[in-house]
>>> print(open('start-v9.txt').read())   # compact mmCIF, C-alpha atoms and all ligand atoms
# COMPACT_ATOMS: atom_id res chain seq x y z
CA MET T 146 -14.15 111.35 136.16
CA GLU T 147 -15.12 111.43 132.47
CA ASN T 148 -12.21 113.73 131.74
CA ASN T 149 -9.91 111.16 133.25
CA GLU T 150 -11.26 108.50 130.91
CA ILE T 151 -10.60 110.74 127.89
CA LEU T 152 -7.10 111.41 129.21
CA LYS T 153 -6.45 107.70 129.63
CA LYS T 154 -7.49 107.05 126.04
CA LYS T 155 -5.17 109.78 124.78
CA ILE T 156 -2.24 108.39 126.78
CA SER T 157 -3.01 104.91 125.43
CA GLU T 158 -2.79 106.27 121.90
CA ILE T 159 0.61 107.81 122.64
CA LEU T 160 1.85 104.52 124.10
CA LYS T 161 0.64 102.64 121.04
CA LYS T 162 2.27 104.97 118.55
CA ASP T 163 5.59 105.34 120.27
CA SER T 164 6.77 101.77 120.12
CA ASP T 165 10.43 102.87 120.21
CA LYS T 166 10.06 104.68 123.48
CA PHE T 167 7.79 102.23 125.25
CA PRO T 168 7.72 98.44 125.35
CA PHE T 169 5.17 96.95 122.95
CA ILE T 170 3.15 95.72 125.92
CA ALA T 171 2.70 99.32 127.07
CA GLN T 172 -0.51 99.68 125.12
CA LEU T 173 -2.03 97.11 127.48
CA TRP T 174 -0.87 98.77 130.64
CA GLU T 175 -3.68 99.84 132.89
CA MET T 176 -3.79 103.37 134.14
CA GLU T 177 -5.05 105.07 137.19
CA ILE T 178 -5.28 108.83 137.35
CA TYR T 179 -5.38 110.49 140.70
CA GLU T 180 -5.32 114.02 141.93
CA LYS T 181 -2.46 115.21 144.03
CA ASN T 182 -3.57 117.87 146.42
CA LEU T 183 -0.28 119.72 146.74
CA ASN T 184 -1.71 122.37 148.95
CA HIS T 185 -5.26 123.52 149.19
CA GLU T 186 -5.23 125.65 146.07
CA LYS T 187 -3.07 123.66 143.70
CA ILE T 188 -4.28 120.33 142.39
CA GLU T 189 -2.10 118.30 140.06
CA LYS T 190 -3.05 115.16 138.15
CA ASP T 191 -0.74 112.21 138.39
CA LEU T 192 -0.70 108.84 136.74
CA ASN T 193 -0.04 105.29 137.93
CA TYR T 194 0.63 102.45 135.52
CA GLY T 195 -0.28 98.93 136.38
CA HIS T 196 0.71 95.95 134.33
CA PHE T 197 -1.80 94.16 132.20
CA ASN T 198 -4.54 92.80 134.40
CA THR T 199 -3.49 94.73 137.47
CA LYS T 200 -7.12 95.31 138.23
CA SER T 201 -7.81 91.63 137.82
CA TYR T 202 -9.84 90.08 140.56
CA LYS T 203 -7.16 87.42 140.85
CA SER T 204 -5.27 88.99 143.63
CA THR T 205 -2.45 88.10 145.93
CA TYR T 206 -2.00 88.14 149.66
CA PHE T 207 0.28 90.64 151.30
CA TYR T 208 3.46 88.88 152.38
CA LYS T 209 3.15 89.47 156.13
CA PRO T 210 0.50 90.12 158.78
CA ILE T 211 -0.77 93.69 158.36
CA SER T 212 -1.78 93.85 162.00
CA LYS T 213 -1.80 91.47 164.93
CA ILE T 214 -5.16 92.14 166.52
CA ILE T 215 -6.62 88.62 166.52
CA ASP T 216 -5.59 86.83 169.68
CA PHE T 217 -4.71 83.31 168.57
CA SER T 218 -4.18 82.18 172.14
CA LYS T 219 -7.93 82.60 172.72
CA LEU T 220 -9.05 80.57 169.70
CA ASN T 221 -9.12 77.28 171.56
CA GLU T 222 -11.37 78.53 174.33
CA MET B 232 38.86 61.03 144.98
CA ASN B 233 36.96 64.19 145.76
CA LYS B 234 36.17 64.64 149.40
CA THR B 235 32.46 64.92 150.27
CA TYR B 236 30.99 67.85 152.14
CA PHE B 237 27.46 68.82 153.05
CA LYS B 238 26.30 72.30 152.19
CA LEU B 239 23.37 74.24 153.57
CA PHE B 240 20.92 75.21 150.81
CA ALA B 241 21.08 78.95 150.13
CA ASN B 242 17.39 79.37 150.99
CA CYS B 243 17.91 77.82 154.43
CA ILE B 244 19.22 80.38 156.86
CA ILE B 245 20.42 79.73 160.39
CA VAL B 246 19.29 82.28 162.97
CA LYS B 247 21.14 81.94 166.24
CA GLY B 248 19.37 82.74 169.50
CA ALA B 249 20.64 82.83 173.08
CA SER B 250 20.06 79.17 173.77
CA ARG B 251 18.94 77.55 170.54
CA ALA B 252 18.64 78.39 166.87
CA THR B 253 16.28 78.08 163.92
CA ILE B 254 16.87 77.07 160.35
CA CYS B 255 14.47 79.17 158.32
CA ASP B 256 13.61 77.56 155.00
CA LEU B 257 12.54 80.54 152.92
CA GLN B 258 11.45 78.40 150.02
CA ARG B 259 9.24 75.97 151.89
CA ASN B 260 8.10 78.63 154.36
CA LYS B 261 8.87 76.64 157.48
CA PHE B 262 11.37 76.75 160.28
CA GLN B 263 13.07 74.08 162.32
CA LEU B 264 14.39 74.52 165.84
CA ILE B 265 17.94 73.23 166.30
CA PRO B 266 20.37 73.11 169.22
CA LEU B 267 23.26 75.55 169.23
CA SER B 268 25.76 72.68 169.11
CA LEU B 269 24.53 71.82 165.63
CA ILE B 270 25.50 75.24 164.29
CA ASP B 271 29.12 74.57 165.16
CA PHE B 272 29.21 71.83 162.54
CA PHE B 273 28.99 74.43 159.80
CA ASP B 274 32.05 76.44 158.79
CA ASP B 275 31.83 80.06 157.62
CA LYS B 276 30.88 78.87 154.10
CA ASN B 277 27.98 76.83 155.52
CA LEU B 278 29.79 73.56 154.80
CA ILE B 279 29.91 70.48 157.03
CA ASP B 280 33.13 68.49 156.84
CA LEU B 281 31.84 65.24 158.30
CA GLU B 282 35.17 63.41 158.32
CA LYS B 283 36.83 66.20 160.24
CA ILE B 284 34.01 66.40 162.80
CA LYS B 285 34.07 62.65 163.36
CA LYS B 286 37.75 62.86 164.25
CA GLN B 287 37.07 65.65 166.74
CA ILE B 288 34.26 64.08 168.74
CA THR B 289 34.21 61.16 171.13
CA GLU B 290 32.83 57.76 170.26
CA ASP B 291 29.80 58.36 172.52
CA SER B 292 28.77 61.42 170.56
CA ILE B 293 28.69 59.73 167.18
CA HIS B 294 25.03 58.77 167.50
CA ILE B 295 24.12 62.40 168.27
CA LEU B 296 26.02 63.50 165.19
CA ASN B 297 24.15 60.92 163.13
CA GLU B 298 20.81 62.14 164.48
CA TYR B 299 21.69 65.73 163.59
CA MET B 300 22.74 64.71 160.10
CA ASP B 301 19.50 62.76 159.62
CA LEU B 302 17.50 65.80 160.66
CA LEU B 303 19.33 68.04 158.20
CA ILE B 304 19.11 65.55 155.33
CA GLU B 305 15.46 64.53 155.91
CA ASN B 306 14.34 68.15 155.90
CA GLU B 307 16.48 68.84 152.84
CA PHE B 308 18.38 71.61 154.55
CA ILE B 309 21.74 70.27 153.26
CA PHE B 310 23.01 68.49 150.19
CA GLU B 311 26.11 66.51 149.38
CA CYS B 312 28.78 68.07 147.21
CA ASN B 313 32.52 68.44 146.78
CA LEU B 314 34.43 71.62 147.43
CA LYS B 315 34.42 72.70 143.79
CA GLU B 316 30.68 72.16 143.43
CA SER B 317 29.95 73.98 146.67
CA LYS B 318 31.32 77.18 145.11
CA LEU B 319 28.60 77.03 142.48
CA PHE B 320 26.00 77.80 145.14
CA PRO B 321 26.42 81.39 146.29
CA SER B 322 24.58 82.61 149.34
CA LEU B 323 21.22 84.32 148.98
CA SER B 324 21.19 88.09 148.77
CA MET B 325 19.58 89.65 151.84
CA ASP B 326 18.72 92.87 149.98
CA PHE B 327 15.14 94.04 150.31
CA ASP B 328 13.13 96.46 148.24
CA TYR B 329 9.46 96.91 147.44
CA PRO B 330 7.94 98.76 144.49
CA SER B 331 5.94 101.28 146.49
CA THR B 332 6.36 104.04 149.01
CA ILE B 333 3.70 102.47 151.23
CA SER B 334 3.24 98.72 150.98
CA ASN B 335 0.35 98.20 153.39
CA ALA B 336 -2.26 100.22 155.23
CA ILE B 337 -4.63 99.91 158.15
CA ILE B 338 -7.87 101.84 158.24
CA ASP B 339 -9.77 101.82 161.52
CA TYR B 340 -13.43 102.67 161.92
CA ASP B 341 -15.94 102.81 164.75
CA LYS B 342 -19.46 104.14 165.24
CA ASN B 343 -18.20 107.71 165.60
CA SER B 344 -15.99 107.65 162.51
CA ASN B 345 -16.87 109.56 159.42
CA HIS B 346 -14.28 108.52 156.84
CA ASN B 347 -14.54 109.28 153.19
CA PHE B 348 -13.13 105.99 151.88
CA GLN B 349 -13.01 107.18 148.28
CA LYS B 350 -10.81 110.08 149.37
CA ILE B 351 -8.58 107.86 151.52
CA ILE B 352 -7.99 105.44 148.67
CA ASP B 353 -7.57 108.10 145.96
CA GLU B 354 -5.49 110.59 147.88
CA TYR B 355 -3.55 108.55 150.43
CA LEU B 356 -3.18 105.01 149.12
CA ILE B 357 -3.15 105.01 145.31
CA PRO B 358 -0.48 107.74 145.04
CA THR B 359 1.85 105.71 147.26
CA ASN B 360 1.17 102.58 145.18
CA CYS B 361 -0.22 100.85 148.27
CA ARG B 362 -1.90 97.62 147.16
CA HIS B 363 -2.86 95.91 150.41
CA ILE B 364 -5.28 97.26 153.01
CA GLN B 365 -6.75 96.02 156.24
CA PHE B 366 -10.05 97.56 157.33
CA ARG B 367 -10.92 97.15 161.01
CA PHE B 368 -14.44 97.94 162.14
CA TYR B 369 -14.80 97.98 165.90
CA ASP B 370 -18.58 98.29 165.74
CA GLY B 371 -21.20 96.54 163.66
CA ILE B 372 -21.62 97.74 160.11
CA GLU B 373 -24.11 96.89 157.38
CA LEU B 374 -23.09 94.76 154.46
CA ASN B 375 -24.24 97.50 152.07
CA TYR B 376 -21.73 99.85 153.61
CA LEU B 377 -18.94 97.32 153.17
CA ASN B 378 -20.13 96.78 149.63
CA ASP B 379 -19.71 100.48 148.84
CA ILE B 380 -16.11 100.26 150.00
CA ILE B 381 -15.40 97.12 148.00
CA LYS B 382 -16.77 98.81 144.89
CA ILE B 383 -14.10 101.49 145.22
CA VAL B 384 -11.46 98.81 145.81
CA ASN B 385 -12.58 96.74 142.82
CA GLU B 386 -12.16 99.74 140.56
CA SER B 387 -8.63 100.44 141.76
CA PHE B 388 -5.18 98.88 141.63
CA ILE B 389 -5.60 97.69 145.22
CA LYS B 390 -4.71 94.00 145.19
CA SER B 391 -6.02 92.64 148.44
CA ILE B 392 -8.09 93.64 151.39
CA GLU B 393 -8.67 92.11 154.77
CA ILE B 394 -11.75 93.01 156.78
CA ILE B 395 -12.13 92.69 160.52
CA VAL B 396 -15.67 93.57 161.54
CA LYS B 397 -17.93 93.12 164.52
CA TYR B 398 -20.52 90.43 163.97
CA ASN B 399 -24.07 91.71 163.77
CA LYS B 400 -27.27 90.09 162.65
CA THR B 401 -27.60 92.32 159.58
CA ILE B 402 -24.78 90.27 158.03
CA PRO B 403 -26.24 86.77 157.54
CA LEU B 404 -23.39 84.30 157.17
CA GLU B 405 -24.79 82.77 153.97
CA ARG B 406 -25.02 86.17 152.31
CA LEU B 407 -21.53 87.01 153.54
CA LYS B 408 -20.12 83.87 151.92
CA GLU B 409 -21.70 84.81 148.60
CA TRP B 410 -20.44 88.36 148.87
CA VAL B 411 -16.87 87.27 149.58
CA SER B 412 -17.00 84.85 146.65
CA GLU B 413 -18.20 87.64 144.38
CA ASN B 414 -15.38 89.95 145.42
CA LYS B 415 -12.09 88.21 145.01
CA LYS B 416 -9.95 91.04 146.27
CA ILE B 417 -11.25 90.19 149.73
CA LYS B 418 -8.67 87.86 151.17
CA SER B 419 -10.21 87.46 154.58
CA VAL B 420 -13.14 88.51 156.69
CA THR B 421 -12.86 88.10 160.44
CA LEU B 422 -16.05 88.55 162.42
CA HIS B 423 -15.25 89.46 165.99
CA SER B 424 -17.56 89.37 169.04
CA TYR B 425 -19.22 86.22 167.64
CA SER B 426 -20.79 83.58 169.91
CA LYS B 427 -18.04 81.03 169.21
CA ASN B 428 -14.79 80.51 167.33
CA GLN B 429 -15.61 79.10 163.93
CA ILE B 430 -14.23 78.86 160.41
CA VAL B 431 -17.21 80.01 158.37
CA GLN B 432 -15.59 79.50 154.98
CA GLU B 433 -12.22 77.95 154.25
CA GLU B 434 -9.91 79.64 151.79
CA ASN B 435 -10.67 77.90 148.53
CA PHE B 436 -9.37 78.47 144.99
CA GLY B 437 -8.80 82.16 145.55
CA PHE B 438 -11.98 82.80 147.53
CA GLY B 439 -11.37 84.65 150.75
CA ILE B 440 -11.44 82.93 154.09
CA ILE B 441 -14.16 83.85 156.61
CA VAL B 442 -13.61 83.23 160.29
CA ALA B 443 -15.63 84.18 163.32
CA VAL B 444 -14.01 84.69 166.71
CA LYS B 445 -15.36 85.18 170.20
CA GLN B 446 -12.78 87.84 170.95
CA GLU B 447 -14.33 91.26 171.35
CA ILE B 448 -12.26 93.87 169.60
CA ASN B 449 -13.53 97.29 170.54
CA ASP B 450 -10.48 99.38 169.86
CA GLU B 451 -6.89 99.40 168.63
CA SER B 452 -5.46 98.50 172.04
CA HIS B 453 -6.15 94.84 171.18
CA CYS B 454 -3.42 94.90 168.55
CA GLY B 455 0.27 94.05 168.89
CA ILE B 456 -0.07 90.40 169.87
CA VAL B 457 3.05 88.29 169.40
CA HIS B 458 2.08 84.68 168.78
CA HIS B 459 3.77 81.94 166.80
CA ASN B 460 0.79 81.83 164.42
CA TYR B 461 1.91 85.26 163.22
CA PHE B 462 5.41 84.00 162.40
CA ASN B 463 6.14 84.45 158.75
CA VAL B 464 8.89 82.48 157.01
CA LEU B 465 8.97 84.24 153.66
CA ILE B 466 11.88 85.67 151.76
CA GLU B 467 10.19 89.09 151.59
CA SER B 468 9.68 89.49 155.32
CA PHE B 469 12.95 87.75 156.21
CA THR B 470 15.01 90.09 154.04
CA GLU B 471 12.97 93.10 155.14
CA SER B 472 13.71 92.26 158.76
CA GLN B 473 17.48 92.50 158.19
CA ASN B 474 17.37 96.28 157.87
CA HIS B 475 13.82 97.38 158.59
CA ASN B 476 11.06 97.14 161.10
CA THR B 477 8.85 94.19 160.23
CA CYS B 478 5.64 95.89 161.31
CA LEU B 479 6.02 99.58 160.55
CA ASN B 480 8.27 99.75 157.51
CA ARG B 481 6.23 101.31 154.67
CA LYS B 482 3.00 101.20 156.66
CA LEU B 483 0.41 103.96 156.75
CA SER B 484 -2.58 103.99 159.04
CA ILE B 485 -5.71 106.05 159.37
CA ASP B 486 -7.13 105.73 162.85
CA LYS B 487 -10.82 105.82 163.76
CA ASN B 488 -10.71 109.62 164.10
CA GLY B 489 -9.11 110.14 160.69
CA ASN B 490 -5.63 110.76 162.05
CA ILE B 491 -2.74 109.78 159.82
CA LYS B 492 -0.36 107.60 161.78
CA ASN B 493 2.29 104.91 161.51
CA CYS B 494 -0.03 102.62 163.44
CA PRO B 495 -3.48 103.30 164.90
CA SER B 496 -2.23 102.19 168.32
CA MET B 497 0.45 104.87 168.43
CA SER B 498 -0.29 108.26 169.87
CA GLN B 499 1.73 110.32 167.40
CA SER B 500 -0.39 111.74 164.57
CA PHE B 501 0.93 113.42 161.44
CA GLY B 502 -2.28 115.30 160.77
CA ASN B 503 -5.86 114.48 159.95
CA ILE B 504 -7.27 113.44 156.58
CA LYS B 505 -9.63 116.42 156.86
CA ASP B 506 -6.83 118.92 156.51
CA THR B 507 -3.48 117.23 155.91
CA THR B 508 -2.26 116.05 152.54
CA LEU B 509 -0.34 112.84 151.99
CA GLU B 510 2.78 114.81 151.05
CA VAL B 511 2.72 116.77 154.28
CA ALA B 512 2.30 113.61 156.38
CA LEU B 513 4.92 111.59 154.52
CA ASN B 514 7.44 114.42 154.61
CA HIS B 515 7.07 114.92 158.34
CA LYS B 516 10.54 114.37 159.74
CA GLU B 517 9.31 111.72 162.16
CA PHE B 518 7.04 109.75 159.83
CA LYS B 519 9.72 107.17 159.06
CA LYS B 520 11.43 107.12 162.43
CA TYR B 521 10.51 103.51 163.22
CA TRP B 522 10.97 102.13 159.73
CA ASN B 523 14.56 101.03 160.29
CA ILE B 524 14.39 99.73 163.85
CA THR B 525 15.33 96.09 163.41
CA LYS B 526 14.89 93.15 165.74
CA ASP B 527 18.69 93.02 166.04
CA GLN B 528 18.50 96.35 167.88
CA ILE B 529 15.59 95.49 170.16
CA GLU B 530 16.34 94.31 173.67
CA VAL B 531 15.68 90.60 174.25
CA CYS B 532 14.50 90.14 170.63
CA LYS B 533 18.10 90.48 169.50
CA ASP B 534 18.81 87.20 171.35
CA CYS B 535 15.72 85.44 170.01
CA GLU B 536 15.90 82.71 167.40
CA PHE B 537 12.57 83.88 165.94
CA ARG B 538 13.65 87.48 165.38
CA HIS B 539 13.61 87.38 161.58
CA ILE B 540 10.25 85.65 161.26
CA CYS B 541 8.43 87.52 164.03
CA THR B 542 6.48 90.68 163.20
CA ASP B 543 7.46 93.39 165.60
CA CYS B 544 5.30 95.81 167.58
CA ARG B 545 6.55 99.30 168.52
CA ALA B 546 3.18 100.60 169.72
CA TYR B 547 3.07 98.61 172.96
CA ILE B 548 6.47 97.95 174.46
CA GLU B 549 7.76 96.81 177.84
CA GLU B 550 9.35 100.17 178.64
CA PRO B 551 7.29 102.87 176.93
CA GLU B 552 10.08 105.42 177.27
CA ASN B 553 12.64 103.13 175.60
CA GLN B 554 11.83 102.68 171.91
CA TYR B 555 14.20 99.71 171.72
CA SER B 556 12.43 97.64 174.37
CA LYS B 557 10.72 94.30 173.73
CA PRO B 558 7.09 94.14 172.50
CA LEU B 559 4.81 94.19 175.54
CA LYS B 560 2.53 91.44 174.28
CA CYS B 561 5.23 88.84 173.75
CA GLY B 562 5.36 86.06 176.33
CA TYR B 563 8.42 84.33 174.89
CA ASN B 564 11.68 84.15 176.79
CA PRO B 565 14.57 83.32 174.43
CA TYR B 566 16.88 82.56 177.39
CA THR B 567 14.66 79.80 178.81
CA ASN B 568 12.82 78.96 175.55
CA LYS B 569 9.48 79.15 177.35
CA TRP B 570 6.24 80.82 176.25
CA GLU B 571 4.27 82.28 179.11
CA GLU B 572 1.15 84.44 179.35
CA TRP B 573 2.52 87.97 178.91
CA SER B 574 -0.27 89.79 180.76
CA VAL B 575 0.50 88.22 184.16
CA ASN B 576 4.24 88.85 184.02
CA PRO B 577 5.00 91.13 187.01
CA LEU B 578 7.64 93.02 184.99
CA LYS B 579 5.00 94.08 182.48
CA GLN B 580 2.44 95.49 184.91
CA LYS B 581 3.88 99.02 184.81
CA ALA B 582 3.57 99.16 181.03
CA ILE B 583 0.06 97.65 181.14
CA LYS B 584 -0.95 100.50 183.44
CA HIS B 585 0.79 103.04 181.24
CA TYR B 586 -1.23 101.92 178.20
CA VAL B 587 -4.39 101.67 180.34
CA MET B 588 -4.86 98.03 179.39
CA GLN B 589 -5.93 96.69 182.79
CA ASP B 590 -9.45 95.90 181.58
CA LEU B 591 -8.25 94.34 178.38
CA VAL B 592 -5.90 91.88 180.09
CA LYS B 593 -8.58 90.80 182.57
CA LYS B 594 -10.74 89.38 179.77
S1 LIG M 601 11.28 87.85 171.94
FE1 LIG M 601 11.00 89.34 170.29
S2 LIG M 601 11.56 88.23 168.40
FE2 LIG M 601 11.23 86.69 170.00
S3 LIG M 601 9.10 86.06 169.79
FE3 LIG M 601 9.13 87.74 171.30
S4 LIG M 601 8.77 89.63 170.09
FE4 LIG M 601 9.33 87.98 168.64
>>> encode(input="start-v9.txt", output="structure tokens", more="lines below")
Ligand code: SF4
Amino acid sequence: MENNEILKKKISEILKKDSDKFPFIAQLWEMEIYEKNLNHEKIEKDLNYGHFNTKSYKSTYFYKPISKIIDFSKLNE
Amino acid sequence: MNKTYFKLFANCIIVKGASRATICDLQRNKFQLIPLSLIDFFDDKNLIDLEKIKKQITEDSIHILNEYMDLLIENEFIFECNLKESKLFPSLSMDFDYPSTISNAIIDYDKNSNHNFQKIIDEYLIPTNCRHIQFRFYDGIELNYLNDIIKIVNESFIKSIEIIVKYNKTIPLERLKEWVSENKKIKSVTLHSYSKNQIVQEENFGFGIIVAVKQEINDESHCGIVHHNYFNVLIESFTESQNHNTCLNRKLSIDKNGNIKNCPSMSQSFGNIKDTTLEVALNHKEFKKYWNITKDQIEVCKDCEFRHICTDCRAYIEEPENQYSKPLKCGYNPYTNKWEEWSVNPLKQKAIKHYVMQDLVKK
């Protein structure tokens, strides 16, 4: 976990320095590092970028019902 | 002088059914039922030429025409324009895309489950950019346990979670309200098997809604209900429904035994989280087989005026051996426009037996 934090910092530095290659806002992108278990021996690290404040608690609803397990026809009983 | 026409707003889409139609207003998220005869007023460019129609109909029908026009104008489905202006309003693109491999996930859990939620989120959801999860707990669970899960969620890019959990006395409602207010990624908590149906906390300035229902939900066989409260008049789901399945497209589920599935109610598993990686499951040649089954291909639904706002179900269908048959738990008949209780329909009894739902429908 700590290694991932160090890695994130390093990537942030790269994003900050390389303003030609990345949009200026890139230094504020949030990052999430996860491990891809390709098969049981080989583990690869991968990276997800989220926009600024992706982790914000202000969140949005999904645009449709994820499941339909609540029976609305019984709610008036 | 320029002749006046009436044009349908681009965000209002007519969906024709067997014996009536809907106008789906994708901007205001509402739909309006209309008779089929009203559709004929529009030409292929969605224009109404009122003068021309008046010449074609009898004197007696004029008041009906006026009523129809009032309905369309009052609801702001149409606007006045000339022919030149009408060309400035192109139709809405029906293309759909979503910035993730998996857009939503269901994770089921009961007293015999032993999921490692950290692993599920890190290895199965985050890599697919899945941001919305529904957790369904068929048995009672302690608030501390839920809190451990929400801690993982709070630290991740997951945007929203919905929790369906059996009511138990270890979750006092007052404490639950506080907890939901503290954790804003929780969009809803539904307590099932409660003594009555009750809204415990209304959705309020971004705080999640808490509802309690009497319905006992002890396994996944309760899912798949088609009810108008589940209708969804949004541009995302409407466009998705043109070419994809509205329930299963980009969905991943982990059932109560840890099996990786399209939907916990389906029997086909693509491996277990204990020994199958996300890549292996996703690359299984059948993983996406339902993703592109649209309502336009499904029997009966293809004649239904609600087909682009109704979330499908492929897990429980009227003819289990025909993957294009109508959802079992839909009681709507688009030919008669009547809603009836699906579970007593004689034509559905065979499928109810097949899915071993006899006890469930008795309740
Ligand atoms: S007939 Fe099909 S589209 Fe119409 S309400 Fe029932 S399930 Fe939905």
>>> atom_distance(input="start-v9.txt", atom1="atom CA of Pro558 of chain B", atom2="atom FE4 of ligand LIG 601 (chain M)")
7.6 Å
>>> atom_distance(input="start-v9.txt", atom1="atom CA of Ile524 of chain B", atom2="atom CA of Arg362 of chain B")
23.4 Å
>>> atom_distance(input="start-v9.txt", atom1="atom CA of Lys427 of chain B", atom2="atom CA of Gln446 of chain B")
8.8 Å
>>> residues_near_ligand(input="start-v9.txt", ligand="ligand LIG 601 (chain M)", cutoff="9 Å", atoms="all atoms listed in the file", output="ChimeraX atom specification")
/B:456-459,462,526-527,529-544,557-565,570
>>> interface_residues(input="start-v9.txt", of="chain B", to="chain T", cutoff="7 Å", atoms="all atoms listed in the file", output="list in words")
Asn335, Asp353, Glu354, His363, Gln365, Ser387, Phe388, Lys390, Ser391, Lys415, Lys416, Lys418, Asn428, His453, Cys454, Gly455, Ile456, His458, Tyr461, Asn463, Glu467, Ser468 and Thr508 of chain B
>>> residues_around(input="start-v9.txt", residues="segment 323-326 of chain B", least_positions_apart="5", cutoff="8 Å", atoms="only C-alpha atoms", output="PyMOL selection string")
chain B and resi 241-242+470-471+473
>>> residues_near_point(input="start-v9.txt", point="(-14.9, 100.4, 165.9)", cutoff="6 Å", atoms="all atoms listed in the file", output="list in words")
Tyr340, Asp341, Lys342, Phe368, Tyr369, Asp370 and Asn449 of chain B
>>> axis_aligned_box(input="start-v9.txt", around="segment 567-571 of chain B", padding_each_side="5 Å", output="lines of an AutoDock Vina configuration file")
center_x = 9.5
center_y = 80.6
center_z = 177.3
size_x = 20.4
size_y = 13.3
size_z = 13.6
>>> build_atoms(input="start-v9.txt", residues="segment 155-166 of chain T", atoms="N, CA and C atoms", output="compact mmCIF listing (two decimals), in the coordinates of the input")
# COMPACT_ATOMS: atom_id res chain seq x y z
N LYS T 155 -6.21 109.02 125.50
CA LYS T 155 -5.17 109.78 124.78
C LYS T 155 -3.79 109.21 125.10
N ILE T 156 -3.56 108.93 126.38
CA ILE T 156 -2.24 108.39 126.78
C ILE T 156 -2.02 107.02 126.12
N SER T 157 -3.10 106.23 126.08
CA SER T 157 -3.01 104.91 125.43
C SER T 157 -2.57 105.05 123.99
N GLU T 158 -3.15 106.03 123.30
CA GLU T 158 -2.79 106.27 121.90
C GLU T 158 -1.30 106.58 121.78
N ILE T 159 -0.82 107.43 122.68
CA ILE T 159 0.61 107.81 122.64
C ILE T 159 1.47 106.56 122.85
N LEU T 160 1.07 105.73 123.81
CA LEU T 160 1.85 104.52 124.10
C LEU T 160 1.86 103.57 122.90
N LYS T 161 0.74 103.53 122.20
CA LYS T 161 0.64 102.64 121.04
C LYS T 161 1.55 103.10 119.92
N LYS T 162 1.51 104.43 119.68
CA LYS T 162 2.27 104.97 118.55
C LYS T 162 3.76 104.91 118.78
N ASP T 163 4.16 105.19 120.00
CA ASP T 163 5.59 105.34 120.27
C ASP T 163 6.25 104.03 120.66
N SER T 164 6.27 103.10 119.75
CA SER T 164 6.77 101.77 120.12
C SER T 164 8.28 101.77 120.38
N ASP T 165 8.99 102.82 119.92
CA ASP T 165 10.43 102.87 120.21
C ASP T 165 10.68 103.26 121.66
N LYS T 166 9.82 104.15 122.13
CA LYS T 166 10.06 104.68 123.48
C LYS T 166 9.51 103.77 124.57
